[in-house]
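Notes follow the structure.
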Protein chains: 2
Amino acid sequence: MSMNISRHPKSEQNIKQDKHIACSDCALDDICRPFSIGDRIISHVLDSMERREPLAAGDYLYRKGDPLSSINAITSGTLKLLRISNTGQEQVVGFRFPGELVGEEGISPGRHCLSAVAVDNASVCKIPMDKLDAIAEKIPDFQKHLFDLLSRQCYVMHQQFSAYAARNSAEERLAAFILNVAERHSANNKTATEIQLAMNRDDIASFLGLRRETLSRSFSKLQKTDVIWAKGKTLKVLNLKELRHLALD
Amino acid sequence: MSMNISRHPKSEQNIKQDKHIACSDCALDDICRPFSIGDRIISHVLDSMERREPLAAGDYLYRKGDPLSSINAITSGTLKLLRISNTGQEQVVGFRFPGELVGEEGISPGRHCLSAVAVDNASVCKIPMDKLDAIAEKIPDFQKHLFDLLSRQCYVMHQQFSAYAARNSAEERLAAFILNVAERHSANNKTATEIQLAMNRDDIASFLGLRRETLSRSFSKLQKTDVIWAKGKTLKVLNLKELRHLALD
DNA sequence: CGGGGAATTGAATACGTTCAAAGGCCGTGG
DNA sequence: CCACGGCCTTTGAACGTATTCAATTCCCCG
């Protein structure tokens, strides 16, 4: 389903244009699931929200150490989460797609423990932390909704961990990754079969804990066996069943 | 996979005894951090809580698929979280120690996606989901507190992921694990140097995505270099600095 | 059309796995 | 109290897979 969400044909102008569009006018509103609590009350929330903030590829949404000023929901594009080790090494610890939260890992410490970088052109909605209470007052379900989102994020992390931390083979890891991305790109419960990746191979390799060469070989293998078709950043799932099987799901 | 699920050390009596002790009488109250919001209001919370539920080693707190009826905080003992793959394979995806939450990953789906098993004799406090609102009304900070806990859990998961998913060497993984456990066993911000592990090597190996033999070799290496001292389930950190260095923290 | 980064492919190496066996710990029973 | 047995843990050697370093191809952008 790929939706044209993550495709950004040279649209710098567009990005500038929609800087302060109301979400109700936004074509992407329906995928801004996290805060789509109900048609009526959305606007209340939105009044308190900072409208969609555009990010160019490579822009930081926040950096490790920044005070956490808002919770963010992605409305378009892809972000990667980076962990910076003491030695200064960067490691990709996650990707975030439209409709998902970003920055929730810093709520408790009140300070971001990771950095978030736009992989391609992207935009996010920000809910300022200091307005959370006000919003919650207006919308009783809001807090519960956020709560659910956080919980879901916990589950996603568990899944991530079990899928990649287990010392599976490189091929299995890649299969799990593709499956995961496909599911997160799914529309109305149908796993996406054609995906436009925003990140490059190095990002994926870092995320999966593999060398770029190993990742590349794994891509080749999955192609030779007709499980996927991949060319650059375009990806098609040819054999979902086999993909699931490989991913040990 | 071994799992001593079916072993039930002769402590049924002990377990029965403390079944309904008030938390204020509980020696472990001070480590029940998650819900120790303040001396005054704890009791209000506790009135709505199911008191400490005892678990013998091998007992399930919940199983994958169970409806989520409560959020749990560990007051003593160690639990392991198991992921059950479609093929029936069990994989340890986490350990939980006193003062930590268990079961939060199921809040959003409303159903447990993992299984939780006591590794040794343990006890947990349960907060019934259907009483969450009532508690939150009495204690304004409560919801925020839970929120923080969830957020922290997210961060912990990110850490876990980056520490273990990155294809570090087995030795580095083990170092990261020991460091993590030591920090979670820390009292007033001092990393613990002597730890009594509850889980066996197989559990750790499963968690780290290593074979038991590889894990054993890594333990041996860390001992030969005087980074740790380990005998059975007793563990001492001899060189914290070097441990951190190995863990790439 | 050409330059340069990204991605892929190819061989030698290193590390974790596998299969096998031995050692150590602890509870049970004599 | 000691001996036995079972299970957990450790060690050893051959193997397989990911890594490393190097070279080539592909593709985007000027």
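Quick note on naming: the chains in the structure tokens go A, B, ... in the order shown, residues restart at 1 in each chain, and ligands are numbered from 1 in order of appearance.
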### Message
Just want the 8 Å neighbourhood of stretch 3-15 of chain D, counted on only C-alpha atoms (C1' of nucleotides), with same-chain residues fewer than 6 positions away dropped. Output as a VMD selection string.
### Response
(chain B and resid 213 216 to 217) or (chain C and resid 18 22 to 24)
Would you list which chain A residues are within 12 Å of chain C using only C-alpha atoms (C1' of nucleotides), as a short mmCIF file (atom, residue, chain, number, x, y, z; two decimals) with C-alpha atoms, in the first residue's frame?
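The new file result25.cif reads:
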```
data_model
loop_
_atom_site.label_atom_id
_atom_site.label_comp_id
_atom_site.auth_asym_id
_atom_site.auth_seq_id
_atom_site.Cartn_x
_atom_site.Cartn_y
_atom_site.Cartn_z
CA ARG A 167 21.06 -14.65 17.28
CA ASN A 168 19.18 -15.59 14.17
CA SER A 169 20.91 -15.68 10.86
CA ASN A 200 19.65 3.45 3.07
CA ARG A 201 21.36 0.10 3.54
CA ASP A 202 23.76 1.41 6.13
CA ARG A 212 26.50 -3.58 5.12
CA GLU A 213 28.10 -6.36 3.10
CA THR A 214 26.29 -9.04 5.07
CA LEU A 215 23.02 -7.20 4.69
CA SER A 216 23.56 -6.88 0.99
CA ARG A 217 24.19 -10.60 0.68
CA SER A 218 21.01 -11.29 2.62
CA PHE A 219 19.03 -9.05 0.29
CA SER A 220 20.48 -10.96 -2.64
CA ALA A 230 14.28 -5.18 -4.26
CA LYS A 231 15.82 -2.49 -6.32
CA GLY A 232 17.37 0.39 -4.48
CA LYS A 233 14.83 1.61 -2.01
#
```
Test item: chain B residues at most 8 Å from chain A, counting only C-alpha atoms, as a PyMOL selection string:
chain B and resi 83+85-87+91+93+104-109+113+147-155+157-158+160-162+164-168+206-210+248-249
What residues in chain D lie within 9 Å of chain A, counting only C-alpha atoms (C1' of nucleotides), written as a PDB file with C-alpha atoms (C1' of nucleotides), in the first residue's frame?
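Written output follows (result.pdb):
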```pdb
ATOM      1  C1'  DT D  17      28.472 -18.201   9.116  1.00  0.00           C
ATOM      2  C1'  DA D  18      29.454 -13.301   9.528  1.00  0.00           C
ATOM      3  C1'  DT D  19      33.256 -10.238   9.154  1.00  0.00           C
ATOM      4  C1'  DC D  27      22.989   4.714  -9.948  1.00  0.00           C
TER       5       DC D  27
END
```
Notebook entry, point to check: At what distance in Å, to one decimal, does atom CA of A:Lys221 lie from atom CA of A:Leu243?
Noted result: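 Interatomic distance, atom CA of A:Leu243 to atom CA of A:Lys221: 12.2 Å.
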- [ ] Could you check how far atom CA of A:Ala247 sits from atom CA of B:Met199, in Å to one decimal?
- [x]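 Straight-line distance from atom CA of A:Ala247 to atom CA of B:Met199 works out to 27.4 Å.
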Rounded to one decimal place, report the atom CA of A:Glu171-atom CA of A:Gln223 distance in Å.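 Atom CA of A:Glu171 sits 11.0 Å away from atom CA of A:Gln223.
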Could you write out, as a ChimeraX atom specification, all the residues of stretch 77-139 of chain A that DSSP marks as strand (DSSP E or B)? /A:79-84,90-96,101-102,111,115-118,122-128
